[in-house]
file entry-v1.txt (compact mmCIF, C-alpha atoms)
# COMPACT_ATOMS: atom_id res chain seq x y z
CA MET A 1 218.64 99.08 164.82
CA GLY A 2 218.33 101.03 161.57
CA ALA A 3 216.21 104.09 160.77
CA ALA A 4 213.31 101.89 159.69
CA GLY A 5 213.46 100.01 162.98
CA ASN A 6 213.38 103.28 164.93
CA SER A 7 210.32 104.43 163.02
CA ALA A 8 208.57 101.15 163.73
CA VAL A 9 209.26 101.57 167.46
CA LYS A 10 207.89 105.13 167.33
CA VAL A 11 204.72 104.00 165.55
CA GLU A 12 204.18 101.15 168.03
CA ALA A 13 204.58 103.65 170.87
CA TRP A 14 202.04 105.95 169.26
CA LEU A 15 199.58 103.10 168.88
CA LYS A 16 199.93 101.94 172.49
CA PRO A 17 197.22 104.16 173.98
CA LEU A 18 194.85 103.33 171.14
CA ASN A 19 195.34 99.61 171.63
CA ARG A 20 194.17 99.89 175.21
CA ALA A 21 190.60 100.28 173.99
CA PRO A 22 189.04 96.82 173.89
CA GLY A 23 188.43 95.56 170.37
CA THR A 24 190.85 97.98 168.80
CA ARG A 25 192.70 95.83 166.37
CA CYS A 26 195.36 98.25 165.42
CA ASN A 27 198.89 97.13 164.77
CA LEU A 28 201.84 98.01 162.63
CA ARG A 29 200.45 95.99 159.73
CA ASN A 30 197.27 98.04 159.78
CA VAL A 31 199.28 101.22 159.85
CA THR A 32 201.28 100.05 156.85
CA SER A 33 198.07 99.46 154.94
CA TYR A 34 196.86 102.83 156.15
CA TRP A 35 199.81 104.56 154.57
CA SER A 36 199.50 102.51 151.38
CA ILE A 37 195.93 103.66 151.02
CA PHE A 38 196.95 107.18 151.97
CA SER A 39 199.48 107.18 149.13
CA VAL A 40 196.83 106.02 146.64
CA ALA A 41 194.37 108.60 147.91
CA THR A 42 196.75 111.53 147.82
CA ALA A 43 198.14 110.53 144.43
CA SER A 44 194.70 110.47 142.93
CA ALA A 45 193.80 113.67 144.73
CA ARG A 46 196.78 115.39 143.24
CA SER A 47 195.48 114.70 139.80
CA ARG A 48 192.17 116.11 141.06
CA LYS A 49 190.31 112.93 140.27
CA ILE A 50 189.01 111.91 143.64
CA GLY A 51 186.52 109.55 142.05
CA ASP A 52 189.35 107.36 140.70
CA SER A 53 190.47 106.41 144.20
CA PRO A 54 189.09 102.98 145.14
CA MET A 55 188.46 104.13 148.69
CA ALA A 56 186.74 107.32 147.60
CA ASN A 57 184.61 105.29 145.25
CA ALA A 58 183.61 102.92 148.02
CA THR A 59 182.65 105.82 150.28
CA GLN A 60 180.82 107.50 147.46
CA ARG A 61 178.83 104.34 146.67
CA GLU A 62 177.79 104.03 150.29
CA GLY A 63 176.59 107.63 150.29
CA GLU A 64 174.57 106.95 147.18
CA LYS A 65 173.10 103.75 148.59
CA SER A 66 171.71 105.58 151.58
CA GLY A 67 169.83 107.91 149.26
CA LYS A 68 169.79 110.54 152.01
CA SER A 69 170.36 114.24 151.51
CA ASP A 70 173.63 114.27 153.39
CA TYR A 71 174.95 117.67 154.30
CA ILE A 72 178.58 116.67 154.32
CA ASN A 73 178.16 114.93 150.98
CA GLN A 74 176.76 118.22 149.83
CA MET A 75 179.68 120.13 151.23
CA SER A 76 182.68 118.07 150.34
CA GLN A 77 182.46 115.69 147.49
CA GLY A 78 185.72 117.09 146.29
CA PRO A 79 186.73 120.13 144.33
CA GLY A 80 184.29 121.50 141.86
CA THR A 81 181.19 119.89 143.28
CA CYS A 82 181.35 121.68 146.59
CA GLN A 83 180.72 125.18 145.33
CA ALA A 84 177.75 124.11 143.30
CA LYS A 85 176.26 122.34 146.31
CA GLU A 86 176.79 125.37 148.51
CA SER A 87 175.10 127.66 146.05
CA SER A 88 172.05 125.44 146.00
CA ALA A 89 172.22 124.85 149.73
CA GLY A 90 168.92 126.59 150.37
CA ALA A 91 166.98 123.83 148.65
CA ASN A 92 168.80 120.83 150.19
CA GLN A 93 169.67 122.11 153.64
CA VAL A 94 168.90 120.02 156.66
CA SER A 95 166.51 121.91 158.94
CA ASP A 96 167.82 123.73 162.00
CA GLN A 97 166.05 121.30 164.31
CA ASP A 98 167.58 118.23 162.65
CA LEU A 99 170.98 119.85 162.58
CA VAL A 100 170.78 120.72 166.28
CA ALA A 101 169.64 117.18 167.13
CA ASP A 102 172.61 115.71 165.26
CA VAL A 103 175.08 118.13 166.85
CA LEU A 104 173.71 117.19 170.28
CA ARG A 105 174.30 113.53 169.36
CA LYS A 106 177.91 114.62 168.83
CA ASP A 107 177.87 113.78 165.19
CA ARG A 108 181.09 115.25 163.81
CA LYS A 109 179.68 115.79 160.32
CA ALA A 110 176.72 117.72 161.70
CA THR A 111 179.09 119.77 163.81
CA ALA A 112 181.09 120.63 160.71
CA GLU A 113 177.90 121.69 158.96
CA PHE A 114 176.90 123.80 161.96
CA VAL A 115 180.18 125.71 161.69
CA ALA A 116 180.09 125.95 157.90
CA ARG A 117 176.53 127.24 157.91
CA TYR A 118 176.75 129.88 160.65
CA ALA A 119 180.36 130.98 161.11
CA ASP A 120 180.07 133.63 158.39
CA HIS A 121 177.02 135.28 159.95
CA VAL A 122 178.47 135.34 163.44
CA TYR A 123 181.88 136.48 162.25
CA GLY A 124 180.41 139.31 160.15
CA TYR A 125 178.33 140.58 163.04
CA VAL A 126 181.15 140.45 165.58
CA ARG A 127 183.63 142.08 163.23
CA ARG A 128 181.28 145.02 162.61
CA ARG A 129 180.67 145.44 166.33
CA LEU A 130 184.25 145.20 167.51
CA ILE A 131 185.68 147.98 165.36
CA PRO A 132 188.48 148.97 165.85
CA ARG A 133 189.53 145.87 167.88
CA THR A 134 189.43 143.41 165.00
CA ASP A 135 192.27 141.51 166.68
CA LEU A 136 189.72 140.23 169.23
CA VAL A 137 187.21 138.97 166.68
CA ASP A 138 188.48 135.39 166.29
CA ASP A 139 188.60 134.75 170.02
CA LEU A 140 185.14 136.17 170.57
CA VAL A 141 183.65 134.12 167.70
CA GLN A 142 185.22 131.03 169.24
CA GLU A 143 183.70 131.90 172.63
CA ILE A 144 180.31 132.32 170.99
CA PHE A 145 180.40 128.90 169.33
CA VAL A 146 181.54 127.20 172.51
CA ALA A 147 178.75 128.96 174.45
CA ALA A 148 176.32 127.87 171.74
CA TRP A 149 177.40 124.24 172.14
CA GLU A 150 177.07 124.46 175.91
CA ASN A 151 173.53 125.84 175.60
CA LEU A 152 172.36 124.03 172.50
CA GLU A 153 169.94 121.87 174.46
CA LYS A 154 168.01 125.03 175.26
CA PHE A 155 167.38 125.76 171.58
CA ARG A 156 163.67 125.17 171.03
CA GLY A 157 163.41 126.16 167.40
CA ASP A 158 161.00 129.04 168.04
CA ALA A 159 163.37 131.33 166.16
CA PRO A 160 165.86 130.42 163.42
CA LEU A 161 169.14 129.00 164.66
CA ARG A 162 170.92 131.95 163.09
CA SER A 163 168.98 134.44 165.23
CA TRP A 164 169.59 132.33 168.32
CA LEU A 165 173.32 132.35 167.64
CA LEU A 166 173.33 136.07 166.96
CA GLY A 167 171.57 136.53 170.31
CA ILE A 168 174.50 134.83 172.03
CA ALA A 169 176.87 136.92 169.94
CA ARG A 170 175.11 140.08 171.06
CA HIS A 171 175.52 139.15 174.71
CA LYS A 172 179.20 138.49 174.21
CA VAL A 173 179.71 141.77 172.36
CA GLU A 174 177.94 143.68 175.13
CA ASP A 175 180.12 141.95 177.70
CA HIS A 176 183.08 143.32 175.79
CA TYR A 177 181.60 146.85 175.68
CA ARG A 178 180.83 146.71 179.40
CA LYS A 179 184.34 145.63 180.24
CA ARG A 180 185.92 148.32 178.07
CA LEU A 181 183.79 151.19 179.37
CA ARG A 182 184.12 150.17 183.00
CA GLU A 183 187.87 150.61 182.68
CA VAL A 184 187.49 154.20 181.50
CA GLN A 185 187.67 157.16 183.84
CA PHE A 186 184.50 159.16 183.19
CA GLN A 187 184.48 162.87 183.90
CA ASP A 188 181.36 162.86 186.10
CA GLU A 189 182.34 165.75 188.23
CA GLU A 190 183.47 168.00 185.47
CA GLU A 191 181.73 171.30 185.96
CA SER A 192 183.00 173.09 182.92
CA ALA A 193 180.30 173.89 180.44
CA TRP A 194 180.01 171.28 177.73
CA ASP A 195 179.71 172.73 174.26
CA GLU A 196 176.94 170.99 172.44
CA PRO A 197 178.47 169.82 169.21
CA GLY A 198 177.07 171.66 166.30
CA SER A 199 175.93 169.88 163.18
CA LEU A 200 178.49 169.92 160.45
CA PRO A 201 176.89 171.10 157.25
CA ASP A 202 177.60 168.10 155.05
CA PHE A 203 177.12 165.29 157.56
CA GLU A 204 173.43 164.87 156.93
CA GLY A 205 173.74 165.16 153.18
CA ALA A 206 176.57 162.64 153.01
CA LEU A 207 174.46 160.06 154.82
CA ALA A 208 172.14 159.88 151.86
CA LYS A 209 175.01 158.90 149.59
CA ARG A 210 176.05 155.38 148.81
CA GLN A 211 178.92 153.87 150.76
CA ALA A 212 178.14 155.97 153.82
CA GLY A 213 178.14 152.74 155.83
CA GLN A 214 181.58 151.78 154.63
CA ARG A 215 182.88 155.23 155.40
CA ALA A 216 181.40 155.09 158.88
CA GLN A 217 183.26 151.83 159.51
CA GLU A 218 186.51 153.41 158.39
CA ILE A 219 185.99 156.32 160.78
CA LEU A 220 185.09 154.03 163.67
CA LYS A 221 188.41 152.30 163.12
CA THR A 222 190.29 155.55 163.63
CA LEU A 223 188.43 156.75 166.74
CA PRO A 224 189.71 156.04 170.25
CA GLU A 225 188.30 152.67 171.28
CA THR A 226 186.11 154.14 174.02
CA TYR A 227 184.37 156.40 171.53
CA SER A 228 183.80 153.60 169.05
CA VAL A 229 182.43 151.36 171.77
CA ILE A 230 179.96 153.91 173.09
CA LEU A 231 178.75 154.84 169.60
CA LEU A 232 178.35 151.20 168.61
CA TRP A 233 176.55 150.35 171.81
CA ARG A 234 174.17 153.29 171.63
CA TYR A 235 173.36 153.39 167.90
CA TRP A 236 174.31 150.04 166.41
CA GLU A 237 173.02 147.98 169.33
CA LYS A 238 170.25 150.53 170.01
CA ARG A 239 170.77 150.65 173.76
CA SER A 240 169.41 153.59 175.72
CA LEU A 241 171.67 155.87 177.72
CA ARG A 242 170.05 154.60 180.91
CA ASP A 243 170.77 150.96 180.01
CA ILE A 244 174.39 151.71 179.27
CA ALA A 245 174.78 153.77 182.44
CA VAL A 246 173.32 150.98 184.59
CA GLN A 247 175.50 148.33 182.98
CA ILE A 248 178.75 150.18 183.51
CA GLY A 249 177.85 151.70 186.88
CA LYS A 250 178.06 155.36 185.81
CA THR A 251 175.56 158.19 185.80
CA GLU A 252 173.38 158.79 182.78
CA LYS A 253 174.78 162.29 182.53
CA ALA A 254 178.36 161.00 182.36
CA VAL A 255 177.43 158.58 179.61
CA GLU A 256 175.64 161.33 177.73
CA ARG A 257 178.72 163.53 177.85
CA MET A 258 180.97 160.77 176.70
CA LEU A 259 178.58 160.00 173.85
CA ALA A 260 178.48 163.65 172.82
CA ARG A 261 182.27 163.75 172.68
CA ALA A 262 182.29 160.58 170.63
CA ARG A 263 179.76 161.99 168.18
CA GLN A 264 181.72 165.19 167.86
CA GLN A 265 184.94 163.30 167.10
CA PHE A 266 183.12 161.12 164.62
CA LYS A 267 181.68 164.07 162.75
CA LYS A 268 184.97 165.91 162.81
CA ARG A 269 186.67 162.97 161.10
CA TRP A 270 183.80 162.58 158.71
CA TYR A 271 184.26 166.21 157.72
CA GLU A 272 188.04 165.90 157.45
CA ARG A 273 187.65 163.00 155.05
CA GLN A 274 185.19 164.99 153.02
CA SER A 275 187.34 168.13 152.74
CA PRO A 276 190.22 166.89 150.51
CA ALA A 277 187.74 165.47 148.05
CA ARG A 278 186.25 168.89 147.58
CA GLY A 279 189.65 170.27 146.67
CA MET B 1 166.47 166.18 175.11
CA SER B 2 166.88 169.04 172.69
CA ASP B 3 165.64 168.83 169.12
CA ASN B 4 169.21 169.06 167.96
CA LEU B 5 170.21 165.99 169.97
CA GLN B 6 167.19 164.03 168.79
CA HIS B 7 168.08 164.91 165.25
CA GLU B 8 171.66 163.75 165.80
CA ASP B 9 170.44 160.50 167.30
CA ARG B 10 168.30 159.88 164.24
CA LEU B 11 171.24 160.54 161.92
CA PHE B 12 173.47 158.13 163.77
CA GLU B 13 170.74 155.48 163.87
CA LEU B 14 170.38 155.85 160.12
CA LEU B 15 174.12 155.53 159.69
CA ALA B 16 174.16 152.39 161.84
CA ARG B 17 171.44 150.84 159.69
CA GLN B 18 173.38 151.65 156.52
CA THR B 19 176.54 150.13 157.96
CA ASP B 20 174.77 146.89 158.85
CA GLU B 21 173.11 146.70 155.46
CA ALA B 22 176.47 147.16 153.75
CA GLY B 23 177.26 143.53 154.60
CA SER B 24 180.62 142.11 155.53
CA GLU B 25 183.17 139.52 154.61
CA GLY B 26 182.80 135.87 155.57
CA ALA B 27 184.80 134.12 158.24
CA PRO B 28 188.30 133.01 157.26
CA SER B 29 188.51 129.27 156.62
CA ARG B 30 191.27 129.04 159.25
CA LEU B 31 188.85 130.32 161.86
CA LYS B 32 186.18 127.84 160.76
CA ALA B 33 188.71 125.04 161.06
CA LYS B 34 189.60 126.15 164.58
CA LEU B 35 185.94 126.47 165.53
CA TYR B 36 185.24 122.94 164.34
CA THR B 37 188.25 121.57 166.19
CA SER B 38 187.34 123.28 169.44
CA LEU B 39 183.69 122.23 169.21
CA VAL B 40 184.58 118.58 168.67
CA GLN B 41 187.04 118.81 171.56
CA LYS B 42 184.29 120.24 173.76
CA GLN B 43 181.96 117.45 172.68
CA GLN B 44 184.56 114.88 173.64
CA GLU B 45 184.92 116.40 177.09
CA SER B 46 181.38 115.35 177.93
CA GLY B 47 181.61 111.84 176.51
CA ARG B 48 182.16 109.90 173.35
CA LEU B 49 181.50 111.21 169.89
CA ARG B 50 178.94 109.46 167.76
CA THR B 51 180.60 106.39 166.30
CA LEU B 52 181.81 106.40 162.73
CA ALA B 53 179.59 103.39 162.04
CA GLU B 54 176.51 105.34 163.18
CA THR B 55 177.56 108.36 161.18
CA ARG B 56 177.99 106.19 158.10
CA ALA B 57 174.72 104.36 158.72
CA ASP B 58 173.00 107.72 158.86
CA GLY B 59 174.19 108.33 155.31
CA HIS B 60 177.09 110.65 155.97
CA GLY B 61 180.26 110.19 153.99
CA LEU B 62 183.49 109.45 155.81
CA CYS B 63 186.85 110.76 154.69
CA VAL B 64 189.45 108.27 153.54
CA PHE B 65 191.08 108.10 156.97
CA GLU B 66 187.84 107.81 158.91
CA ASP B 67 186.71 105.13 156.51
CA LEU B 68 189.89 103.16 157.03
CA TRP B 69 189.75 103.64 160.79
CA SER B 70 186.17 102.43 160.91
CA ARG B 71 187.23 99.27 159.04
CA VAL B 72 190.25 98.39 161.16
CA THR B 73 188.50 98.94 164.50
CA SER B 74 185.34 97.51 165.95
CA ALA B 75 185.00 98.67 169.58
CA GLU B 76 182.68 101.57 170.26
CA GLY B 77 185.45 103.51 171.97
CA ALA B 78 187.69 103.24 168.96
CA GLN B 79 184.85 104.03 166.59
CA SER B 80 184.27 107.26 168.48
CA PHE B 81 187.90 108.25 168.12
CA ASN B 82 188.30 111.67 166.57
CA CYS B 83 190.56 110.92 163.61
CA CYS B 84 190.84 114.64 162.85
CA SER B 85 192.79 115.15 166.08
CA VAL B 86 195.78 113.33 164.60
CA CYS B 87 195.22 114.29 160.98
CA HIS B 88 197.55 116.60 159.12
CA ALA B 89 194.53 118.10 157.30
CA ARG B 90 193.46 119.74 160.55
CA VAL B 91 196.88 121.29 161.11
CA LEU B 92 197.04 122.55 157.53
CA ALA B 93 193.52 123.97 157.60
CA GLU B 94 194.08 125.76 160.90
CA HIS B 95 197.12 127.55 159.55
CA TRP B 96 196.49 128.05 155.85
CA GLU B 97 193.64 129.98 154.35
CA VAL B 98 193.70 127.74 151.29
CA ALA B 99 195.03 124.46 152.65
CA PRO B 100 196.24 121.85 150.16
CA ILE B 101 193.66 119.22 151.08
CA TYR B 102 191.77 117.58 148.26
CA TRP B 103 190.06 114.41 149.42
CA GLY B 104 186.33 114.15 149.81
CA HIS B 105 184.19 114.21 152.98
CA CYS B 106 186.82 116.13 154.94
CA PRO B 107 185.19 119.04 156.83
CA TYR B 108 188.33 121.07 156.54
CA VAL B 109 188.04 120.94 152.75
CA ALA B 110 184.55 122.39 152.92
CA PHE B 111 185.69 125.26 155.13
CA GLY B 112 188.20 126.27 152.49
CA LYS B 113 185.52 126.70 149.84
CA LYS B 114 184.32 130.25 149.29
call {"tool": "encode", "arguments": {"input": "entry-v1.txt", "output": "structure tokens"}}
result
Amino acid sequence: MGAAGNSAVKVEAWLKPLNRAPGTRCNLRNVTSYWSIFSVATASARSRKIGDSPMANATQREGEKSGKSDYINQMSQGPGTCQAKESSAGANQVSDQDLVADVLRKDRKATAEFVARYADHVYGYVRRRLIPRTDLVDDLVQEIFVAAWENLEKFRGDAPLRSWLLGIARHKVEDHYRKRLREVQFQDEEESAWDEPGSLPDFEGALAKRQAGQRAQEILKTLPETYSVILLWRYWEKRSLRDIAVQIGKTEKAVERMLARARQQFKKRWYERQSPARG
Amino acid sequence: MSDNLQHEDRLFELLARQTDEAGSEGAPSRLKAKLYTSLVQKQQESGRLRTLAETRADGHGLCVFEDLWSRVTSAEGAQSFNCCSVCHARVLAEHWEVAPIYWGHCPYVAFGKK
């Protein structure tokens, strides 16, 4: 048997499980046509003229016949059109409720739209909250979307879908904080006097300047992870000392001390970054 | 709490607000591709996907491969088959930030658009 014969055997073997489904008329001849059409499609795509492909035209015509504002049509009618559709997405977007209903029906196109519409928001939020552990961002975002799918039936539409998703994201981020801080040895019993960190003279003034937020993110990246986590939890997530202490099973005093140390380190680095600029 | 500490708290809260308002970059298209793949996989775990015929009837465009698949099969089980699971576009999109995929109605194409 030649190379072509071997390939045919491989393709038949690949098709075997698919053919078990009743009514699946899939054989080698179909696959041959599949690849013929694939060649036509990719050739026309290469020349960036999707509309010239007979198959693309057929699909396009069907989309037009339906006359419906189709979100995937909006997203991916080929290069060039997509960006324009996205920029005008606000006007044509399917409502959150309709989108959720379609995702729950396991419509793959709606699922794609769900990801395309909300991944940026969730990713941005998680990335800001996980500084300096940006290596964990992708996994956490994935966990959030899976959790969202598992709980999507509970979405009632009282709040925008984006807020609902960010709520899940917040829970996941706090789970991460809790886990990180529980691992840390707090100095509860330390009796030595704690020096209250003094205010550095230019910290307050620098806050009023532009790009203070960006600078803060850079500093958070350089702090020990525990310090970043406690600062983010307390000030970015606006959790009280008591809440944090309860969640990680430590005393409020211990959390307060840890937070003071974190603030001091933050301000020290803020000042260090400021100094060279002054010359 | 001393006045000094309250003042510090206010400064840090202000800083946090400024950081959040500064905005951030969007998700990489590779991540979006992976999210889509894992969501569809999760959907399949609890039963069949919506059939391609239903998706088409609802006015959604099918990619060239889905379109072909929907024409060569008729059973509901086959119509619910996730063509993306065996499509090279998925593999490319999950690994390349700008994947060389150009045909219409492919979700992975849309994820690559900034």
call {"tool": "atom_distance", "arguments": {"input": "entry-v1.txt", "atom1": "atom CA of Asp138 of chain A", "atom2": "atom CA of His176 of chain A"}}
result
13.5 Å
call {"tool": "interface_residues", "arguments": {"input": "entry-v1.txt", "of": "chain B", "to": "chain A", "cutoff": "7 Å", "atoms": "all atoms listed in the file", "output": "short mmCIF file (atom, residue, chain, number, x, y, z; two decimals) with C-alpha atoms, in the frame of the given file"}}
result
data_model
loop_
_atom_site.label_atom_id
_atom_site.label_comp_id
_atom_site.auth_asym_id
_atom_site.auth_seq_id
_atom_site.Cartn_x
_atom_site.Cartn_y
_atom_site.Cartn_z
CA LEU B 11 171.24 160.54 161.92
CA PHE B 12 173.47 158.13 163.77
CA GLU B 13 170.74 155.48 163.87
CA LEU B 15 174.12 155.53 159.69
CA ALA B 16 174.16 152.39 161.84
CA GLN B 18 173.38 151.65 156.52
CA THR B 19 176.54 150.13 157.96
CA ALA B 22 176.47 147.16 153.75
CA SER B 24 180.62 142.11 155.53
CA GLU B 25 183.17 139.52 154.61
CA GLY B 26 182.80 135.87 155.57
CA ALA B 27 184.80 134.12 158.24
CA LEU B 31 188.85 130.32 161.86
CA LYS B 32 186.18 127.84 160.76
CA LEU B 35 185.94 126.47 165.53
CA TYR B 36 185.24 122.94 164.34
CA LEU B 39 183.69 122.23 169.21
CA VAL B 40 184.58 118.58 168.67
CA GLN B 43 181.96 117.45 172.68
CA LEU B 49 181.50 111.21 169.89
CA ARG B 50 178.94 109.46 167.76
CA THR B 55 177.56 108.36 161.18
CA GLY B 59 174.19 108.33 155.31
CA HIS B 60 177.09 110.65 155.97
CA GLY B 61 180.26 110.19 153.99
CA LEU B 62 183.49 109.45 155.81
CA VAL B 64 189.45 108.27 153.54
CA VAL B 72 190.25 98.39 161.16
CA THR B 73 188.50 98.94 164.50
CA SER B 74 185.34 97.51 165.95
CA ALA B 75 185.00 98.67 169.58
CA GLY B 77 185.45 103.51 171.97
CA ALA B 78 187.69 103.24 168.96
CA TYR B 102 191.77 117.58 148.26
CA TRP B 103 190.06 114.41 149.42
CA GLY B 104 186.33 114.15 149.81
CA HIS B 105 184.19 114.21 152.98
CA CYS B 106 186.82 116.13 154.94
CA PRO B 107 185.19 119.04 156.83
CA VAL B 109 188.04 120.94 152.75
CA ALA B 110 184.55 122.39 152.92
CA PHE B 111 185.69 125.26 155.13
CA LYS B 113 185.52 126.70 149.84
#
call {"tool": "atom_distance", "arguments": {"input": "entry-v1.txt", "atom1": "atom CA of Gln44 of chain B", "atom2": "atom CA of Val86 of chain B"}}
result
14.5 Å
call {"tool": "atom_distance", "arguments": {"input": "entry-v1.txt", "atom1": "atom CA of Pro28 of chain B", "atom2": "atom CA of Leu223 of chain A"}}
result
25.6 Å
call {"tool": "residues_around", "arguments": {"input": "entry-v1.txt", "residues": "Phe81 of chain B", "least_positions_apart": "6", "cutoff": "9 Å", "atoms": "all atoms listed in the file", "output": "list of chain:residue names"}}
result
B:Arg48, B:Leu49, B:Thr51, B:Leu52, B:Trp69
call {"tool": "residues_around", "arguments": {"input": "entry-v1.txt", "residues": "Arg30 of chain B", "least_positions_apart": "6", "cutoff": "10 Å", "atoms": "only C-alpha atoms", "output": "compact mmCIF listing (two decimals) with C-alpha atoms, in the coordinates of the input"}}
result
# COMPACT_ATOMS: atom_id res chain seq x y z
CA ASP A 138 188.48 135.39 166.29
CA TYR B 36 185.24 122.94 164.34
CA ARG B 90 193.46 119.74 160.55
CA VAL B 91 196.88 121.29 161.11
CA LEU B 92 197.04 122.55 157.53
CA ALA B 93 193.52 123.97 157.60
CA GLU B 94 194.08 125.76 160.90
CA HIS B 95 197.12 127.55 159.55
CA TRP B 96 196.49 128.05 155.85
CA GLU B 97 193.64 129.98 154.35
CA VAL B 98 193.70 127.74 151.29
CA ALA B 99 195.03 124.46 152.65
CA TYR B 108 188.33 121.07 156.54
CA PHE B 111 185.69 125.26 155.13
CA GLY B 112 188.20 126.27 152.49
